[in-house]
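Here's the structure we're looking at; comments come further down.
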2 protein chains.
Amino acid sequence: MTTAPSAPTDRTRVRRNANYADYDSATLHAIIDTAWLCNVAFHDGASTHCIPTACWRDGEHLYIHGSNGGRLTRLLMKDTQACVTITHLDGLVMARSAFNHSMNYRSAVMYGQFEAVDGDAAKRASMAAFMDKVAPGRQADVRAGSDKEYAATTVMRIALTEASCKARTGGPHDDADDMHIEAWVGVLPMALTPQAPVPEPDCGVATPTYVAAWYA
Amino acid sequence: MTTAPSAPTDRTRVRRNANYADYDSATLHAIIDTAWLCNVAFHDGASTHCIPTACWRDGEHLYIHGSNGGRLTRLLMKDTQACVTITHLDGLVMARSAFNHSMNYRSAVMYGQFEAVDGDAAKRASMAAFMDKVAPGRQADVRAGSDKEYAATTVMRIALTEASCKARTGGPHDDADDMHIEAWVGVLPMALTPQAPVPEPDCGVATPTYVAAWYA
């Protein structure tokens, strides 16, 4: 844990297992940059919703996009406060007692209000950053978004000003009184892992670098 | 997609890509049963929160647990409506145009109100179901929860009565006008994959079946 760039607010201060908290922006950036999806939660006046959607980062903002007519877009653009959560699950932690079992993870929770990215150039630059995250170098290979496609799409961003991260690593924390118990103890790790690419039957081009690198 | 056991409500009816929707309970069960974590979103009167937490299923309920004093527990037990979301990401879908790129996924969104699982026997049975999900057969090896541990813990469940699933599979859906474009097209799959178990240095027991099966 390094020095926090900004003090936690009442909403972002981690209370449970506060020693797992991390308010450093480099930690936050790494969690966003290795995520494909975030969960966007918001209240529409009647109900709370939580919608998974693709995300990327540029500087001190997290970006998402949606169809203009979609519920997520319409509601987020109505001055709605949002909470965005990303979690990477790294493993199951096996302890000598049932209640000391745990999970290893890296998570981020961000609060704030999304704003639309206005202007054709800014929208195109944002979507270019997204494509660069998905597949570096691919942009030159595909048809760019048309004016009609851009006109039907809202690109939105939320500032990373009120956020906190939480992470757990390592093995179990057993009670001293439990150390005699003869159970297997340790971590069952897991990772979101690239699998072998599946080209379309009509894919007629050689494997580009970014596809080969996917499953090297 | 099979016949829905219950009609979607205004909150659960899928509008975007409605052909990806699935209201079948078998699909919902499979999404929960293969998830370690869910995201619980709720509004506390001032802010919307979205918190990742471990989940499991028993029959037609999704279960979570938390410390009695934790914010999540305290707020969910105050007649708070919740939205629970689970998403499994299966791959990046590479199309011939930027806007036809997509992701393959299986997601579930559940609405309702959590209720506490009351009574010592019911709480113990619920937590036993959780341990059986984490590591079948492990329960006999570890110290069971003490009365003090159970007294400090709230087990909560939400009925799976207002829920919808959405899933995308397969390759890109390109526009007819784009078929001449010479870009690599297909899917870059990914999966949350077990990695080699990491025993604690002081783990003195032989590898049990459920650990060997983790990374077979």
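Labels used: A, B, ... for chains in the order of the structure tokens, numbers from 1 for residues in each chain, and numbers from 1 for ligands as shown.
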
Which polymer residues have any atom within 9 Å of an atom of Met110 in chain A, counting only C-alpha atoms, with same-chain residues fewer than 5 positions away left out, as a VMD selection string? chain A and resid 12 82 to 86 158 to 165

Determine which residues of range 133-166 of chain A receive a DSSP assignment of helix (DSSP H, G or I), computed from the backbone, and state them as a count of residues only. 11

DSSP strand (DSSP E or B) selection over range 36-210 of chain A, as an NGL selection string: :A and (37-43 or 48-54 or 56-58 or 61-67 or 81-94 or 97 or 102-113 or 115-116 or 143 or 153-159 or 162-168 or 186-194 or 198-199)

Report the distance between CA of Ile51 in chain A and CA of Met131 in chain B in Å, rounded to one decimal place.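 Atom-to-atom, CA of Ile51 in chain A to CA of Met131 in chain B, that is 28.3 Å.
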
Choose the residue, out of B:Pro136, B:Pro8, B:Gly119, B:Gly91, that has the smallest atom-to-atom separation from chain A; count only C-alpha atoms.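 Checking each of B:Pro136, B:Pro8, B:Gly119, B:Gly91 against chain A, counting only C-alpha atoms, the winner is B:Gly91.
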
In terms of the shortest atom-to-atom distance over only C-alpha atoms, which of A:Tyr215, A:Leu192, A:Val109, A:Val134 is closest to Arg13 in chain A? A:Val109

For range 54-57 of chain A: contacts at 12 Å, only C-alpha atoms, fewer than 6 positions along chain excluded, given as a short mmCIF file (atom, residue, chain, number, x, y, z; two decimals) with C-alpha atoms, in the first residue's frame:
```cif
data_model
loop_
_atom_site.label_atom_id
_atom_site.label_comp_id
_atom_site.auth_asym_id
_atom_site.auth_seq_id
_atom_site.Cartn_x
_atom_site.Cartn_y
_atom_site.Cartn_z
CA LEU A 28 -7.00 1.40 -9.10
CA HIS A 29 -5.61 1.83 -12.62
CA ALA A 30 -4.26 -1.72 -12.65
CA ILE A 31 -7.61 -3.18 -11.55
CA ILE A 32 -9.47 -1.28 -14.31
CA ASP A 33 -6.86 -1.96 -16.98
CA THR A 34 -7.01 -5.73 -16.44
CA ALA A 35 -10.82 -5.79 -16.41
CA TRP A 36 -13.03 -6.28 -19.47
CA LEU A 37 -16.25 -5.64 -17.59
CA CYS A 38 -17.46 -3.43 -14.77
CA ASN A 39 -20.76 -3.46 -12.89
CA VAL A 40 -22.65 -0.17 -12.98
CA TYR A 63 -15.28 4.80 -19.75
CA ILE A 64 -18.30 2.81 -20.88
CA HIS A 65 -20.53 3.07 -23.92
CA GLY A 66 -24.09 2.25 -24.79
CA VAL A 84 -19.09 1.13 -10.37
CA THR A 85 -17.53 -2.10 -9.11
CA ILE A 86 -14.84 -4.34 -10.56
CA SER A 126 -12.40 7.28 -26.63
CA MET A 127 -13.57 4.36 -28.71
CA ALA A 128 -10.10 4.09 -30.23
CA ALA A 129 -8.68 3.70 -26.72
CA PHE A 130 -11.20 0.91 -26.12
CA MET A 131 -10.21 -0.93 -29.30
CA ASP A 132 -6.55 -0.55 -28.37
CA LYS A 133 -7.28 -2.25 -25.08
CA VAL A 134 -9.19 -5.11 -26.73
CA VAL A 155 -19.77 7.25 -24.73
CA MET A 156 -19.78 7.99 -21.00
CA ARG A 157 -17.07 8.49 -18.42
CA ILE A 158 -16.81 8.74 -14.66
CA ALA A 159 -13.98 10.50 -12.85
CA LEU A 160 -11.83 8.33 -10.59
CA THR B 87 -21.52 -12.25 -15.04
CA LEU B 89 -17.17 -13.51 -19.38
CA GLY B 91 -14.68 -14.23 -24.84
CA LEU B 92 -14.00 -11.22 -27.03
CA HIS B 101 -17.17 -6.17 -31.93
CA SER B 102 -18.82 -7.78 -28.94
CA MET B 103 -18.29 -10.08 -25.98
CA ASN B 104 -19.56 -13.55 -25.22
CA TYR B 105 -20.95 -13.87 -21.70
#
```

I'd like the neighbourhood of range 141-147 of chain B as a list of chain:residue names, where a residue qualifies if any of its atoms comes within 7 Å (using only C-alpha atoms), though same-chain residues fewer than 6 positions away should be ignored. A:Arg96, A:Ser97, A:Ala98, A:Phe99, A:Ile181, A:Ala183

Kindly give the distance, in Å, that separates CA of Ala152 in chain A and CA of Met77 in chain A, rounded to a single decimal.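 One can read the CA of Ala152 in chain A to CA of Met77 in chain A distance as 14.5 Å.
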
Using only C-alpha atoms, determine which residues lie at most 9 Å from Pro172 in chain A, disregarding the query and same-chain residues fewer than 3 positions distant; provide the list as number ranges by chain. A: 93-96, 100-102, 185-187; B: 200
